[in-house]
$ cat model_21.cif   # mmCIF, C-alpha atoms
data_data
loop_
_atom_site.group_PDB
_atom_site.id
_atom_site.type_symbol
_atom_site.label_atom_id
_atom_site.label_comp_id
_atom_site.auth_asym_id
_atom_site.auth_seq_id
_atom_site.Cartn_x
_atom_site.Cartn_y
_atom_site.Cartn_z
ATOM 1 C CA LYS A 5 151.149 117.778 84.651
ATOM 2 C CA GLU A 6 148.694 116.817 87.377
ATOM 3 C CA LEU A 7 146.073 118.876 85.538
ATOM 4 C CA LEU A 8 146.937 117.048 82.326
ATOM 5 C CA VAL A 9 146.373 113.657 83.965
ATOM 6 C CA GLU A 10 143.056 114.843 85.386
ATOM 7 C CA LEU A 11 141.886 116.170 82.020
ATOM 8 C CA LYS A 12 142.773 112.885 80.313
ATOM 9 C CA GLU A 13 140.778 110.970 82.915
ATOM 10 C CA ILE A 14 137.830 113.257 82.318
ATOM 11 C CA VAL A 15 137.908 113.082 78.534
ATOM 12 C CA SER A 16 137.901 109.268 78.749
ATOM 13 C CA GLN A 17 134.217 109.640 79.749
ATOM 14 C CA LYS A 18 133.257 111.306 76.455
ATOM 15 C CA ALA A 19 131.081 108.327 75.461
ATOM 16 C CA GLN A 20 128.786 109.266 78.345
ATOM 17 C CA PHE A 21 129.271 113.017 78.014
ATOM 18 C CA PRO A 22 130.033 113.730 74.313
ATOM 19 C CA PHE A 23 130.762 117.432 74.894
ATOM 20 C CA LEU A 24 133.975 116.437 76.684
ATOM 21 C CA VAL A 25 135.616 116.157 73.254
ATOM 22 C CA SER A 26 136.169 119.905 73.529
ATOM 23 C CA LEU A 27 138.933 119.060 76.005
ATOM 24 C CA GLU A 28 140.940 117.152 73.417
ATOM 25 C CA SER A 29 142.340 120.254 71.709
ATOM 26 C CA VAL A 30 143.111 121.762 75.105
ATOM 27 C CA ILE A 31 144.928 118.589 76.175
ATOM 28 C CA SER A 32 146.969 118.608 72.962
ATOM 29 C CA MET A 33 148.008 122.200 73.611
ATOM 30 C CA VAL A 34 148.902 121.543 77.261
ATOM 31 C CA GLU A 35 150.846 118.399 76.313
ATOM 32 C CA ASP A 36 152.785 120.333 73.717
ATOM 33 C CA ILE A 37 153.695 123.046 76.218
ATOM 34 C CA ALA A 38 154.525 120.522 78.951
ATOM 35 C CA ASN A 39 157.105 118.852 76.686
ATOM 36 C CA LYS A 40 158.958 122.072 75.880
ATOM 37 C CA PRO A 41 162.511 122.577 77.186
ATOM 38 C CA TYR A 42 163.087 124.890 80.156
ATOM 39 C CA THR A 43 164.477 127.689 77.979
ATOM 40 C CA TRP A 44 161.258 127.779 75.947
ATOM 41 C CA TYR A 45 159.311 128.863 79.007
ATOM 42 C CA LEU A 46 161.636 131.813 79.492
ATOM 43 C CA THR A 47 161.220 133.133 75.970
ATOM 44 C CA ASN A 48 157.915 131.887 74.508
ATOM 45 C CA LEU A 49 155.414 131.125 77.265
ATOM 46 C CA THR A 50 154.111 134.694 77.293
ATOM 47 C CA ASN A 51 152.912 134.199 73.708
ATOM 48 C CA TYR A 52 150.480 131.515 74.915
ATOM 49 C CA GLU A 53 149.329 133.071 78.154
ATOM 50 C CA GLU A 54 146.147 134.596 76.708
ATOM 51 C CA GLU A 55 145.143 131.387 74.918
ATOM 52 C CA LEU A 56 145.826 129.345 78.048
ATOM 53 C CA TYR A 57 143.789 131.752 80.114
ATOM 54 C CA GLN A 58 140.839 131.595 77.690
ATOM 55 C CA ASN A 59 140.970 127.793 77.593
ATOM 56 C CA LYS A 60 140.962 127.658 81.378
ATOM 57 C CA LYS A 61 138.147 130.185 81.684
ATOM 58 C CA ASN A 62 135.899 128.917 78.884
ATOM 59 C CA THR A 63 136.566 125.188 78.833
ATOM 60 C CA ILE A 64 138.628 123.692 81.634
ATOM 61 C CA SER A 65 137.011 125.394 84.640
ATOM 62 C CA PRO A 66 133.375 124.927 83.482
ATOM 63 C CA ILE A 67 133.996 121.254 82.687
ATOM 64 C CA LEU A 68 135.769 120.652 86.003
ATOM 65 C CA SER A 69 132.830 122.302 87.710
ATOM 66 C CA PHE A 70 130.435 119.983 85.869
ATOM 67 C CA MET A 71 132.463 116.863 86.660
ATOM 68 C CA ASN A 72 132.511 117.791 90.345
ATOM 69 C CA ASN A 73 128.736 118.293 90.433
ATOM 70 C CA GLU A 74 126.885 114.975 90.639
ATOM 71 C CA SER A 75 123.530 116.710 90.405
ATOM 72 C CA LEU A 76 124.357 118.240 87.012
ATOM 73 C CA GLN A 77 125.722 114.932 85.769
ATOM 74 C CA ASN A 78 122.508 113.198 86.771
ATOM 75 C CA ILE A 79 120.432 115.808 84.917
ATOM 76 C CA TYR A 80 122.384 115.125 81.730
ATOM 77 C CA LYS A 81 122.281 111.328 82.135
ATOM 78 C CA LYS A 82 118.570 111.331 82.937
ATOM 79 C CA ALA A 83 117.853 113.454 79.856
ATOM 80 C CA THR A 84 119.796 111.168 77.502
ATOM 81 C CA SER A 85 118.132 108.092 78.987
ATOM 82 C CA PHE A 86 114.709 109.732 78.792
ATOM 83 C CA ILE A 87 115.121 110.631 75.113
ATOM 84 C CA SER A 88 116.219 107.077 74.323
ATOM 85 C CA ASN A 89 113.503 105.295 76.304
ATOM 86 C CA GLN A 90 110.599 107.582 75.381
ATOM 87 C CA SER A 91 111.367 108.294 71.720
ATOM 88 C CA ALA A 92 108.535 106.008 70.548
ATOM 89 C CA ASN A 93 106.033 108.163 72.456
ATOM 90 C CA PHE A 94 107.044 111.466 70.895
ATOM 91 C CA THR A 95 104.833 111.032 67.818
ATOM 92 C CA TYR A 96 101.802 111.016 70.120
ATOM 93 C CA ILE A 97 102.803 114.216 71.927
ATOM 94 C CA ASP A 98 102.209 117.768 70.719
ATOM 95 C CA SER A 99 105.304 119.402 72.143
ATOM 96 C CA ASN A 100 108.314 121.606 71.377
ATOM 97 C CA GLU A 101 110.315 120.183 74.279
ATOM 98 C CA VAL A 102 111.752 117.275 72.280
ATOM 99 C CA LYS A 103 113.638 119.559 69.905
ATOM 100 C CA GLU A 104 114.754 121.848 72.712
ATOM 101 C CA ILE A 105 116.051 118.900 74.735
ATOM 102 C CA ASN A 106 117.953 117.496 71.761
ATOM 103 C CA ASP A 107 119.388 120.925 71.004
ATOM 104 C CA ILE A 108 120.847 121.167 74.504
ATOM 105 C CA LEU A 109 122.139 117.589 74.533
ATOM 106 C CA THR A 110 123.982 118.130 71.244
ATOM 107 C CA ASP A 111 125.292 121.530 72.288
ATOM 108 C CA LYS A 112 129.059 121.293 72.835
ATOM 109 C CA GLU A 113 128.738 123.914 75.551
ATOM 110 C CA CYS A 114 125.653 122.519 77.290
ATOM 111 C CA TYR A 115 127.528 122.549 80.606
ATOM 112 C CA LYS A 116 127.595 126.370 80.580
ATOM 113 C CA ASN A 117 125.188 129.204 81.316
ATOM 114 C CA ASN A 118 122.654 127.252 83.357
ATOM 115 C CA LYS A 119 121.649 125.210 80.294
ATOM 116 C CA LEU A 120 121.436 121.973 82.289
ATOM 117 C CA ASN A 121 118.891 123.444 84.680
ATOM 118 C CA THR A 122 116.860 124.434 81.633
ATOM 119 C CA LEU A 123 117.295 120.869 80.390
ATOM 120 C CA LYS A 124 115.861 119.493 83.629
ATOM 121 C CA THR A 125 112.821 121.773 83.351
ATOM 122 C CA LEU A 126 112.198 120.648 79.765
ATOM 123 C CA VAL A 127 112.528 116.949 80.590
ATOM 124 C CA ASP A 128 110.172 117.260 83.566
ATOM 125 C CA ALA A 129 107.598 119.094 81.430
ATOM 126 C CA LEU A 130 107.774 116.524 78.620
ATOM 127 C CA ASP A 131 107.654 113.639 81.075
ATOM 128 C CA LEU A 132 104.448 115.080 82.541
ATOM 129 C CA LYS A 133 102.867 115.431 79.081
ATOM 130 C CA ILE A 134 103.705 111.817 78.213
ATOM 131 C CA LYS A 135 102.264 110.568 81.499
ATOM 132 C CA GLU A 136 99.053 112.502 80.872
ATOM 133 C CA VAL A 137 98.678 111.019 77.376
ATOM 134 C CA LEU A 138 99.486 107.544 78.695
ATOM 135 C CA LYS A 139 96.828 107.929 81.373
ATOM 136 C CA LYS A 140 94.229 108.961 78.791
ATOM 137 C CA GLU A 141 95.176 106.081 76.485
ATOM 138 C CA ILE A 142 94.909 103.573 79.329
ATOM 139 C CA GLU A 143 91.518 104.987 80.284
ATOM 140 C CA THR A 144 90.298 104.838 76.665
ATOM 141 C CA VAL A 145 91.466 101.256 76.152
ATOM 142 C CA SER A 146 90.048 100.215 79.543
ATOM 143 C CA ILE A 147 86.655 101.576 78.493
ATOM 144 C CA SER A 148 86.852 99.631 75.221
ATOM 145 C CA ILE A 149 87.825 96.430 77.056
ATOM 146 C CA ASN A 150 84.945 96.854 79.477
ATOM 147 C CA LYS A 151 82.560 97.275 76.526
ATOM 148 C CA LEU A 152 83.752 93.946 75.157
ATOM 149 C CA LYS A 153 83.361 92.448 78.625
ATOM 150 C CA ASN A 154 79.798 93.774 78.877
ATOM 151 C CA ARG A 155 78.940 92.251 75.502
ATOM 152 C CA VAL A 156 80.169 88.864 76.678
ATOM 153 C CA GLU A 157 78.178 89.155 79.908
ATOM 154 C CA ALA A 158 75.061 89.990 77.879
ATOM 155 C CA MET A 159 75.334 86.823 75.771
ATOM 156 C CA ASP A 160 72.617 84.260 76.412
ATOM 157 C CA ASN A 161 75.146 81.452 76.273
ATOM 158 C CA PHE A 162 77.438 83.165 78.776
ATOM 159 C CA ASN A 163 74.693 83.138 81.380
ATOM 160 C CA LYS A 164 74.329 79.392 80.892
ATOM 161 C CA LEU A 165 77.935 78.806 82.002
ATOM 162 C CA SER A 166 78.851 77.852 85.541
ATOM 163 C CA ASN A 167 80.021 80.576 87.928
ATOM 164 C CA GLU A 168 83.546 79.201 87.722
ATOM 165 C CA GLN A 169 83.529 79.345 83.926
ATOM 166 C CA GLN A 170 82.112 82.871 83.907
ATOM 167 C CA THR A 171 84.765 84.057 86.353
ATOM 168 C CA LYS A 172 87.504 82.560 84.189
ATOM 169 C CA PHE A 173 86.391 84.549 81.159
ATOM 170 C CA LEU A 174 85.746 87.802 83.018
ATOM 171 C CA ASN A 175 89.172 87.621 84.683
ATOM 172 C CA LYS A 176 90.794 87.779 81.255
ATOM 173 C CA PHE A 177 89.308 91.241 80.723
ATOM 174 C CA ASP A 178 90.266 92.415 84.205
ATOM 175 C CA ASN A 179 93.807 91.038 83.929
ATOM 176 C CA PHE A 180 94.320 92.815 80.625
ATOM 177 C CA ILE A 181 93.219 96.134 82.125
ATOM 178 C CA ASP A 182 95.563 95.584 85.094
ATOM 179 C CA SER A 183 98.461 94.911 82.709
ATOM 180 C CA LEU A 184 98.027 98.348 81.115
ATOM 181 C CA GLU A 185 99.299 100.083 84.256
ATOM 182 C CA SER A 186 102.811 98.761 83.668
ATOM 183 C CA GLN A 187 102.992 99.948 80.063
ATOM 184 C CA THR A 188 105.101 103.006 79.276
ATOM 185 C CA LEU A 189 104.796 103.039 75.478
ATOM 186 C CA ILE A 190 101.594 104.259 73.830
ATOM 187 C CA ALA A 191 102.153 102.180 70.685
ATOM 188 C CA VAL A 192 102.445 99.014 72.788
ATOM 189 C CA ILE A 193 99.120 99.801 74.466
ATOM 190 C CA HIS A 194 97.487 100.150 71.033
ATOM 191 C CA ASP A 195 99.089 96.944 69.731
ATOM 192 C CA ASN A 196 98.153 94.934 72.817
ATOM 193 C CA PHE A 197 94.550 96.098 72.574
ATOM 194 C CA ARG A 198 94.319 95.180 68.896
ATOM 195 C CA GLN A 199 95.793 91.767 69.643
ATOM 196 C CA PHE A 200 93.355 91.212 72.507
ATOM 197 C CA GLU A 201 90.361 92.280 70.411
ATOM 198 C CA ASP A 202 91.387 90.378 67.299
ATOM 199 C CA SER A 203 92.599 87.189 68.978
ATOM 200 C CA GLU A 204 91.828 86.736 72.671
ATOM 201 C CA TYR A 205 88.305 88.144 72.487
ATOM 202 C CA GLN A 206 87.389 86.103 69.431
ATOM 203 C CA ASN A 207 88.821 82.952 71.006
ATOM 204 C CA MET A 208 86.666 83.572 74.081
ATOM 205 C CA LEU A 209 83.518 83.821 71.973
ATOM 206 C CA MET A 210 84.329 80.562 70.249
ATOM 207 C CA GLU A 211 85.198 78.832 73.515
ATOM 208 C CA ILE A 212 81.938 79.951 75.148
ATOM 209 C CA GLU A 213 80.053 78.558 72.171
ATOM 210 C CA SER A 214 81.964 75.283 72.291
ATOM 211 C CA LEU A 215 81.343 74.771 76.007
ATOM 212 C CA LEU A 216 77.606 74.704 75.332
ATOM 213 C CA THR A 217 77.763 72.588 72.192
ATOM 214 C CA PRO A 218 76.582 69.023 72.833
ATOM 215 C CA ILE A 219 79.451 66.575 72.672
ATOM 216 C CA SER A 220 79.337 64.124 69.788
ATOM 217 C CA GLN A 221 81.578 61.106 69.540
ATOM 218 C CA ASP A 222 82.154 61.973 65.906
ATOM 219 C CA ILE A 223 83.388 65.509 66.632
ATOM 220 C CA SER A 224 86.764 66.245 68.210
ATOM 221 C CA ASN A 225 87.156 68.945 70.860
ATOM 222 C CA ASP A 226 89.163 71.130 68.455
ATOM 223 C CA GLU A 227 86.404 70.875 65.866
ATOM 224 C CA ARG A 228 83.845 71.953 68.450
ATOM 225 C CA VAL A 229 85.879 75.047 69.316
ATOM 226 C CA THR A 230 86.214 76.125 65.684
ATOM 227 C CA LYS A 231 82.708 75.166 64.596
ATOM 228 C CA VAL A 232 81.396 78.753 64.667
ATOM 229 C CA GLU A 233 83.321 81.233 62.520
ATOM 230 C CA TYR A 234 83.354 84.903 63.462
ATOM 231 C CA ILE A 235 84.021 87.884 61.223
ATOM 232 C CA LYS A 236 84.601 91.415 62.479
ATOM 233 C CA ALA A 237 82.098 94.021 61.397
ATOM 234 C CA ARG A 238 84.905 96.312 60.290
ATOM 235 C CA ASP A 239 86.232 93.604 57.970
ATOM 236 C CA LEU A 240 83.020 93.347 55.949
ATOM 237 C CA GLN A 241 83.494 93.922 52.241
ATOM 238 C CA LEU A 242 80.941 96.591 51.300
ATOM 239 C CA ASN A 243 80.081 97.350 47.701
ATOM 240 C CA PHE A 244 80.075 101.089 48.427
ATOM 241 C CA ASN A 245 82.386 103.298 46.416
ATOM 242 C CA LYS A 246 82.093 106.706 48.058
ATOM 243 C CA PRO A 247 84.800 107.842 50.528
ATOM 244 C CA TRP A 248 82.261 109.635 52.771
ATOM 245 C CA LEU A 249 78.555 110.214 53.367
ATOM 246 C CA GLU A 250 77.199 113.654 52.510
ATOM 247 C CA ASN A 251 73.394 113.337 52.291
ATOM 248 C CA GLU A 252 70.424 111.164 53.262
ATOM 249 C CA THR A 253 70.592 109.184 50.047
ATOM 250 C CA ASP A 254 74.195 108.230 50.794
ATOM 251 C CA VAL A 255 73.231 107.138 54.306
ATOM 252 C CA ASP A 256 70.360 104.978 53.011
ATOM 253 C CA SER A 257 72.609 103.434 50.378
ATOM 254 C CA TYR A 258 75.405 102.741 52.866
ATOM 255 C CA MET A 259 73.009 101.140 55.351
ATOM 256 C CA GLN A 260 71.544 98.957 52.620
ATOM 257 C CA LYS A 261 74.980 97.805 51.462
ATOM 258 C CA THR A 262 75.950 97.107 55.069
ATOM 259 C CA LYS A 263 72.804 95.074 55.619
ATOM 260 C CA GLU A 264 73.467 93.065 52.474
ATOM 261 C CA ALA A 265 77.036 92.328 53.559
ATOM 262 C CA LEU A 266 75.914 91.320 57.059
ATOM 263 C CA LEU A 267 73.203 88.995 55.813
ATOM 264 C CA LYS A 268 75.566 87.420 53.297
ATOM 265 C CA GLU A 269 78.025 86.422 56.020
ATOM 266 C CA ILE A 270 75.267 85.236 58.360
ATOM 267 C CA LYS A 271 73.761 83.084 55.585
ATOM 268 C CA ASN A 272 77.212 81.574 55.128
ATOM 269 C CA GLY A 273 77.083 80.402 58.729
ATOM 270 C CA LYS A 274 79.256 83.121 60.202
ATOM 271 C CA ARG A 275 78.646 85.424 63.146
ATOM 272 C CA ILE A 276 79.460 89.121 63.126
ATOM 273 C CA GLN A 277 81.797 90.308 65.854
ATOM 274 C CA LEU A 278 81.027 93.876 66.956
#

$ encode --input "model_21.cif" --output "structure tokens"
Amino acid sequence: KELLVELKEIVSQKAQFPFLVSLESVISMVEDIANKPYTWYLTNLTNYEEELYQNKKNTISPILSFMNNESLQNIYKKATSFISNQSANFTYIDSNEVKEINDILTDKECYKNNKLNTLKTLVDALDLKIKEVLKKEIETVSISINKLKNRVEAMDNFNKLSNEQQTKFLNKFDNFIDSLESQTLIAVIHDNFRQFEDSEYQNMLMEIESLLTPISQDISNDERVTKVEYIKARDLQLNFNKPWLENETDVDSYMQKTKEALLKEIKNGKRIQL
């Protein structure tokens, strides 16, 4: 009966270790036998000896071994947490480890045959791949941010600002790059970059322009900031119907259509954001 109490305590942790449900049928069998009258043991116990032995050998002992091994428990818990926290990154990784990890975690006998050590190896390998991709993404976005920064520094109007004003704008680029180091999700890095490019960067261009616009008593500060309208080059509406360029004529035609679209927006008082 002491074993029965211990098994019930263990199976109560099945939310954390789902494979512990395999103990439930064993517990039912042991409970049934434990409640038999004394005479039953004398005449019928031998009929269950083989099944009891197999349950002990194949289920009870391996699970007790797992529950007494903190290292193995940590491997399993780390793997489940890793799969949950990193799932959004898996679409960016070319790897077979995700399926193999899930196969082990859903295996009702994952606590046997050294499977958890294999699990640890798979998680470590996948973790390394994700970190490598994250590093490359951060480097790529940092390069793109620095290109935007260089464009701002090259603006004639930027060089007319005070040193304090210049530093304020340049710090926004540097702070964004610094913030990338704390990101663990590739999609978030992409989204943050798009938001910076589409909003923060454009706002900076308009603010730089407004700082050098002569103040008029008839124009509010908000109107000065929004006086110049910017449009992104990629948002230009080109009257070009082909899905790709395949010869010199196509290139000439595409360049002409692009020029027409650019000049149209500029004539409408807009500036093209590259």

$ atom_distance --input "model_21.cif" --atom1 "atom CA of Ile190 of chain A" --atom2 "atom CA of Met208 of chain A"
25.5 Å

$ resolve_selection --input "model_21.cif" --expression "the PyMOL selection byres ((chain A and resi 25-27) around 10)" --output "JSON, numbers by chain"
{"A": [11, 12, 14, 15, 16, 17, 18, 19, 21, 22, 23, 24, 28, 29, 30, 31, 32, 33, 59, 63, 64, 67, 112, 113]}

$ atom_distance --input "model_21.cif" --atom1 "atom CA of Ile105 of chain A" --atom2 "atom CA of Leu123 of chain A"
6.1 Å

$ residues_around --input "model_21.cif" --residues "segment 233-238 of chain A" --least-positions-apart "3" --cutoff "12 Å" --atoms "all atoms listed in the file" --output "count of residues only"
34

$ resolve_selection --input "model_21.cif" --expression "the PyMOL selection byres ((chain A and resi 89-98) around 10)" --output "compact mmCIF listing (two decimals) with C-alpha atoms, keeping the file's coordinate frame"
# COMPACT_ATOMS: atom_id res chain seq x y z
CA ALA A 83 117.85 113.45 79.86
CA THR A 84 119.80 111.17 77.50
CA SER A 85 118.13 108.09 78.99
CA PHE A 86 114.71 109.73 78.79
CA ILE A 87 115.12 110.63 75.11
CA SER A 88 116.22 107.08 74.32
CA SER A 99 105.30 119.40 72.14
CA ASN A 100 108.31 121.61 71.38
CA GLU A 101 110.32 120.18 74.28
CA VAL A 102 111.75 117.28 72.28
CA LEU A 130 107.77 116.52 78.62
CA ASP A 131 107.65 113.64 81.08
CA LYS A 133 102.87 115.43 79.08
CA ILE A 134 103.70 111.82 78.21
CA GLU A 136 99.05 112.50 80.87
CA VAL A 137 98.68 111.02 77.38
CA LEU A 138 99.49 107.54 78.69
CA THR A 188 105.10 103.01 79.28
CA LEU A 189 104.80 103.04 75.48
CA ILE A 190 101.59 104.26 73.83
CA ALA A 191 102.15 102.18 70.68
CA VAL A 192 102.44 99.01 72.79

$ atom_distance --input "model_21.cif" --atom1 "atom CA of Thr144 of chain A" --atom2 "atom CA of Leu240 of chain A"
24.8 Å

$ resolve_selection --input "model_21.cif" --expression "the PyMOL selection byres ((chain A and resi 152-159) around 8)" --output "list in words"
Ser148, Ile149, Asn150, Lys151, Asp160, Asn161, Phe162, Asn163, Leu174, Phe177, Tyr205 and Leu209 of chain A

$ closest_residue --input "model_21.cif" --among "A:Ile37, A:Leu184, A:Leu215, A:Met71" --to "Tyr52 of chain A" --atoms "only C-alpha atoms"
A:Ile37

$ closest_residue --input "model_21.cif" --among "A:Leu249, A:Leu68, A:Leu126, A:Ile181" --to "Lys103 of chain A" --atoms "all atoms listed in the file"
A:Leu126

$ axis_aligned_box --input "model_21.cif" --around "segment 267-274 of chain A" --padding-each-side "8 Å" --output "AutoDock Vina command-line options"
--center_x 76.2 --center_y 84.7 --center_z 56.7 --size_x 22.1 --size_y 24.6 --size_z 22.9

$ closest_residue --input "model_21.cif" --among "A:Glu250, A:Leu216, A:Glu143, A:Leu56" --to "Lys164 of chain A" --atoms "only C-alpha atoms"
A:Leu216

$ decode --input "model_21.cif" --residues "segment 247-259 of chain A" --atoms "N, CA, C and O atoms" --output "short mmCIF file (atom, residue, chain, number, x, y, z; two decimals), in the first residue's frame"
data_model
loop_
_atom_site.label_atom_id
_atom_site.label_comp_id
_atom_site.auth_asym_id
_atom_site.auth_seq_id
_atom_site.Cartn_x
_atom_site.Cartn_y
_atom_site.Cartn_z
N PRO A 247 5.14 40.83 -64.62
CA PRO A 247 5.56 40.37 -63.28
C PRO A 247 7.07 40.32 -63.11
O PRO A 247 7.57 40.19 -62.01
N TRP A 248 7.84 40.39 -64.21
CA TRP A 248 9.30 40.37 -64.12
C TRP A 248 9.90 41.04 -65.36
O TRP A 248 9.21 41.35 -66.33
N LEU A 249 11.20 41.29 -65.29
CA LEU A 249 11.94 41.88 -66.41
C LEU A 249 12.76 40.79 -67.07
O LEU A 249 13.49 40.06 -66.38
N GLU A 250 12.67 40.69 -68.42
CA GLU A 250 13.39 39.60 -69.07
C GLU A 250 14.28 40.06 -70.23
O GLU A 250 15.01 39.26 -70.81
N ASN A 251 14.24 41.36 -70.58
CA ASN A 251 15.11 41.85 -71.64
C ASN A 251 15.34 43.36 -71.47
O ASN A 251 14.76 44.00 -70.57
N GLU A 252 16.18 43.92 -72.34
CA GLU A 252 16.54 45.33 -72.23
C GLU A 252 15.34 46.24 -72.42
O GLU A 252 15.21 47.28 -71.76
N THR A 253 14.44 45.84 -73.30
CA THR A 253 13.25 46.65 -73.55
C THR A 253 12.40 46.76 -72.28
O THR A 253 11.89 47.83 -71.95
N ASP A 254 12.27 45.63 -71.57
CA ASP A 254 11.52 45.63 -70.32
C ASP A 254 12.17 46.56 -69.30
O ASP A 254 11.48 47.30 -68.57
N VAL A 255 13.49 46.50 -69.22
CA VAL A 255 14.22 47.36 -68.27
C VAL A 255 13.99 48.83 -68.59
O VAL A 255 13.69 49.63 -67.70
N ASP A 256 14.10 49.19 -69.87
CA ASP A 256 13.90 50.58 -70.29
C ASP A 256 12.47 51.04 -69.96
O ASP A 256 12.25 52.16 -69.47
N SER A 257 11.52 50.15 -70.23
CA SER A 257 10.12 50.49 -69.98
C SER A 257 9.86 50.66 -68.48
O SER A 257 9.18 51.61 -68.05
N TYR A 258 10.42 49.75 -67.70
CA TYR A 258 10.22 49.82 -66.24
C TYR A 258 10.84 51.09 -65.67
O TYR A 258 10.24 51.77 -64.82
N MET A 259 12.03 51.44 -66.13
CA MET A 259 12.70 52.64 -65.64
C MET A 259 11.92 53.89 -66.02
O MET A 259 11.83 54.85 -65.24
#
